Amino acid sequence: DWLFPNCLQEMVACADSSAAIGIVSSYRLIETEGDGFGLPVDKKAVDGRTIARINLLQNVHLFGTPSTVMYASDVVRSRAPRFYPEDRFYSDTDAAFQILVERDLGFVHQILSFTRYQAGSITHNVDKFSTRQIDRVLSLHYYGQIFLTPEEFERTMSKAWRVYYEKIGSQWLLDRIGKVQPGFWDFHEKRLSAIGMTIDRKRLAIGAATAAARAAGSPGEAIKHFVQQRRPREQP
């Protein structure tokens, strides 16, 4: 990752604007695409609970990776000796949610960092395992009832499970035609076991049927997906 020359200066200035700010984030480049958009440009310090709700309800990620955000020093000290939860797969995301319970997010509306995909990194290795869907389920499980109303939580959690099972149902269908992803099912069983759950075979069957029906209704997308599955993955 790269920090652009004005990154630290802009982030420190943002953090100094309010003692309530616990995390400072900004726009960033991930390879050639921008990330971190979704906050009105006049919002430079936002209540942490509002930011968490935006993430959980709209699936908008405004706090980036550890190397692209700045944490307030008192927050770091208060979480010693272990800043990040060690029992979580993406521990920085969990740390952000935990900090936002009581602190605000400061945001610099400039691109201040660059992130590249690295072969052999955790993100690269699990990219083919439908991580976004399971991460959303787990974030809602851990933090939905903290930041959302009961009605919002039930609605959002239900949708997240449907999307999740349709996604892994697609892989189940691919397995049937020999497009197996080694480690895929072990990965999901392990992630679900963290919340005392296993893959629900009935919901998996419904998800696979939904994925098949969607593919049948959009044959062009199904062909595109099949071609992408067969195409060798280029290394960055």
# chains A, B, ... in the order shown; residues from 1 in each chain; ligands from 1
$ residues_around --residues "Ala208 (chain A)" --least-positions-apart "2" --cutoff "6 Å" --atoms "only C-alpha atoms" --output "number ranges by chain"
A: 166, 169-170, 205-206, 210-211
$ closest_atom_pairs --of "region 35-140 of chain A" --to "region 11-19 of chain A" --cutoff "8 Å" --atoms "only C-alpha atoms" --output "tab-separated table"
residue	atom	partner	partner_atom	distance
A:Lys44	CA	A:Cys14	CA	7.6
A:Ala45	CA	A:Ser18	CA	7.7
A:Met70	CA	A:Met11	CA	7.0
A:Ala72	CA	A:Ala15	CA	7.4
A:Gly106	CA	A:Cys14	CA	6.2
A:Phe107	CA	A:Cys14	CA	7.1
A:Val108	CA	A:Met11	CA	6.8
$ atom_distance --atom1 "CA of Leu140 (chain A)" --atom2 "CA of Ser193 (chain A)"
15.5 Å
$ select_by_dssp --residues "region 37-213 of chain A" --states "alpha helix (DSSP H)" --output "JSON, numbers by chain"
{"A": [48, 49, 50, 51, 52, 53, 54, 55, 56, 57, 58, 73, 74, 75, 76, 77, 78, 91, 92, 93, 94, 95, 96, 97, 98, 99, 100, 122, 123, 124, 125, 126, 131, 132, 133, 134, 135, 136, 137, 138, 139, 140, 141, 142, 143, 144, 145, 146, 147, 150, 151, 152, 153, 154, 155, 156, 157, 158, 159, 160, 161, 162, 163, 164, 165, 166, 167, 168, 169, 170, 171, 172, 173, 174, 175, 176, 184, 185, 186, 187, 188, 189, 190, 191, 192, 193, 201, 202, 203, 204, 205, 206, 207, 208, 209, 210, 211, 212, 213]}
$ closest_residue --among "A:Phe129, A:Ser113, A:Leu174, A:Ile99" --to "Thr32 (chain A)" --atoms "only C-alpha atoms"
A:Ser113
$ closest_residue --among "A:Cys7, A:Ile21, A:Leu148, A:Ala52" --to "Ile111 (chain A)" --atoms "only C-alpha atoms"
A:Cys7
$ atom_distance --atom1 "CA of Asp175 (chain A)" --atom2 "CA of Gln133 (chain A)"
18.7 Å
$ residues_around --residues "Asn59 (chain A)" --least-positions-apart "3" --cutoff "12 Å" --atoms "only C-alpha atoms" --output "JSON list (two decimals) with N, CA, C and O atoms, in the first residue's frame"
[["chain", "number", "residue", "atom", "x", "y", "z"],
["A", 36, "GLY", "N", -14.54, 3.87, -0.95],
["A", 36, "GLY", "CA", -14.83, 4.70, 0.20],
["A", 36, "GLY", "C", -15.86, 5.78, -0.06],
["A", 36, "GLY", "O", -16.05, 6.67, 0.77],
["A", 37, "PHE", "N", -16.54, 5.70, -1.19],
["A", 37, "PHE", "CA", -17.55, 6.71, -1.53],
["A", 37, "PHE", "C", -18.88, 6.40, -0.83],
["A", 37, "PHE", "O", -19.15, 5.27, -0.47],
["A", 38, "GLY", "N", -19.70, 7.43, -0.67],
["A", 38, "GLY", "CA", -21.01, 7.22, -0.08],
["A", 38, "GLY", "C", -21.38, 8.25, 0.97],
["A", 38, "GLY", "O", -22.55, 8.34, 1.37],
["A", 51, "ILE", "N", -22.34, 5.87, 11.09],
["A", 51, "ILE", "CA", -21.45, 5.21, 10.13],
["A", 51, "ILE", "C", -21.67, 3.70, 10.15],
["A", 51, "ILE", "O", -21.73, 3.04, 9.10],
["A", 52, "ALA", "N", -21.80, 3.12, 11.34],
["A", 52, "ALA", "CA", -22.04, 1.69, 11.45],
["A", 52, "ALA", "C", -23.37, 1.31, 10.81],
["A", 52, "ALA", "O", -23.48, 0.28, 10.14],
["A", 53, "ARG", "N", -24.39, 2.15, 11.00],
["A", 53, "ARG", "CA", -25.70, 1.88, 10.40],
["A", 53, "ARG", "C", -25.62, 1.95, 8.87],
["A", 53, "ARG", "O", -26.25, 1.14, 8.17],
["A", 54, "ILE", "N", -24.87, 2.91, 8.34],
["A", 54, "ILE", "CA", -24.69, 3.00, 6.88],
["A", 54, "ILE", "C", -24.07, 1.72, 6.36],
["A", 54, "ILE", "O", -24.48, 1.18, 5.32],
["A", 55, "ASN", "N", -23.07, 1.22, 7.08],
["A", 55, "ASN", "CA", -22.41, -0.02, 6.67],
["A", 55, "ASN", "C", -23.38, -1.19, 6.69],
["A", 55, "ASN", "O", -23.49, -1.96, 5.72],
["A", 56, "LEU", "N", -24.11, -1.34, 7.77],
["A", 56, "LEU", "CA", -24.96, -2.51, 7.95],
["A", 56, "LEU", "C", -26.23, -2.46, 7.09],
["A", 56, "LEU", "O", -26.70, -3.49, 6.61],
["A", 62, "LEU", "N", -16.99, 2.63, 4.68],
["A", 62, "LEU", "CA", -16.32, 3.91, 4.77],
["A", 62, "LEU", "C", -15.03, 3.86, 5.57],
["A", 62, "LEU", "O", -14.28, 4.83, 5.61],
["A", 63, "PHE", "N", -14.78, 2.74, 6.26],
["A", 63, "PHE", "CA", -13.51, 2.58, 6.97],
["A", 63, "PHE", "C", -12.71, 1.50, 6.27],
["A", 63, "PHE", "O", -13.17, 0.39, 6.07],
["A", 132, "ARG", "N", -17.35, -11.87, 0.69],
["A", 132, "ARG", "CA", -18.17, -10.69, 0.98],
["A", 132, "ARG", "C", -19.51, -11.10, 1.60],
["A", 132, "ARG", "O", -20.02, -10.44, 2.51],
["A", 133, "GLN", "N", -20.08, -12.18, 1.08],
["A", 133, "GLN", "CA", -21.39, -12.59, 1.57],
["A", 133, "GLN", "C", -21.33, -13.11, 3.01],
["A", 133, "GLN", "O", -22.17, -12.77, 3.84],
["A", 135, "ASP", "N", -18.95, -12.40, 5.18],
["A", 135, "ASP", "CA", -18.54, -11.29, 6.03],
["A", 135, "ASP", "C", -19.74, -10.43, 6.41],
["A", 135, "ASP", "O", -19.84, -9.95, 7.55],
["A", 136, "ARG", "N", -20.65, -10.22, 5.47],
["A", 136, "ARG", "CA", -21.84, -9.41, 5.76],
["A", 136, "ARG", "C", -22.73, -10.12, 6.79],
["A", 136, "ARG", "O", -23.23, -9.48, 7.72],
["A", 137, "VAL", "N", -22.90, -11.42, 6.62],
["A", 137, "VAL", "CA", -23.69, -12.18, 7.59],
["A", 137, "VAL", "C", -23.09, -12.05, 8.99],
["A", 137, "VAL", "O", -23.79, -11.80, 9.97],
["A", 139, "SER", "N", -20.95, -9.75, 10.19],
["A", 139, "SER", "CA", -21.00, -8.38, 10.71],
["A", 139, "SER", "C", -22.38, -8.08, 11.29],
["A", 139, "SER", "O", -22.51, -7.49, 12.37],
["A", 140, "LEU", "N", -23.42, -8.52, 10.59],
["A", 140, "LEU", "CA", -24.78, -8.31, 11.08],
["A", 140, "LEU", "C", -25.03, -9.13, 12.34],
["A", 140, "LEU", "O", -25.69, -8.66, 13.27],
["A", 156, "THR", "N", -32.72, -6.97, 7.51],
["A", 156, "THR", "CA", -31.41, -6.97, 6.88],
["A", 156, "THR", "C", -30.72, -8.32, 7.04],
["A", 156, "THR", "O", -30.06, -8.81, 6.11],
["A", 159, "LYS", "N", -32.26, -10.88, 4.60],
["A", 159, "LYS", "CA", -31.77, -10.69, 3.23],
["A", 159, "LYS", "C", -30.34, -11.17, 3.09],
["A", 159, "LYS", "O", -29.97, -11.81, 2.09],
["A", 160, "ALA", "N", -29.51, -10.88, 4.09],
["A", 160, "ALA", "CA", -28.10, -11.30, 4.04],
["A", 160, "ALA", "C", -27.98, -12.81, 3.95],
["A", 160, "ALA", "O", -27.15, -13.34, 3.20]]
$ select_by_dssp --residues "region 10-79 of chain A" --states "strand (DSSP E or B)" --output "list in words"
Ile21, Gly22, Ile23, Val24, Ser25, Ser26, Tyr27, Arg28, Leu29, Ile30, Glu33, Gly34, Asp35, Ala45, Val46, Met70 and Tyr71 of chain A
$ atom_distance --atom1 "CA of Ala212 (chain A)" --atom2 "CA of Leu57 (chain A)"
27.1 Å
$ closest_residue --among "A:Arg162, A:Ser130, A:Ser78, A:Tyr71" --to "Leu8 (chain A)" --atoms "only C-alpha atoms"
A:Tyr71
$ residues_around --residues "Arg82 (chain A)" --least-positions-apart "6" --cutoff "12 Å" --atoms "only C-alpha atoms" --output "JSON, numbers by chain"
{"A": [75, 76, 91, 92, 95]}
$ closest_residue --among "A:Phe89, A:Tyr84, A:Phe4, A:Phe114" --to "Phe187 (chain A)" --atoms "only C-alpha atoms"
A:Phe89
$ closest_residue --among "A:Leu173, A:Val69, A:Ile30, A:Val101" --to "Ala215 (chain A)" --atoms "only C-alpha atoms"
A:Leu173
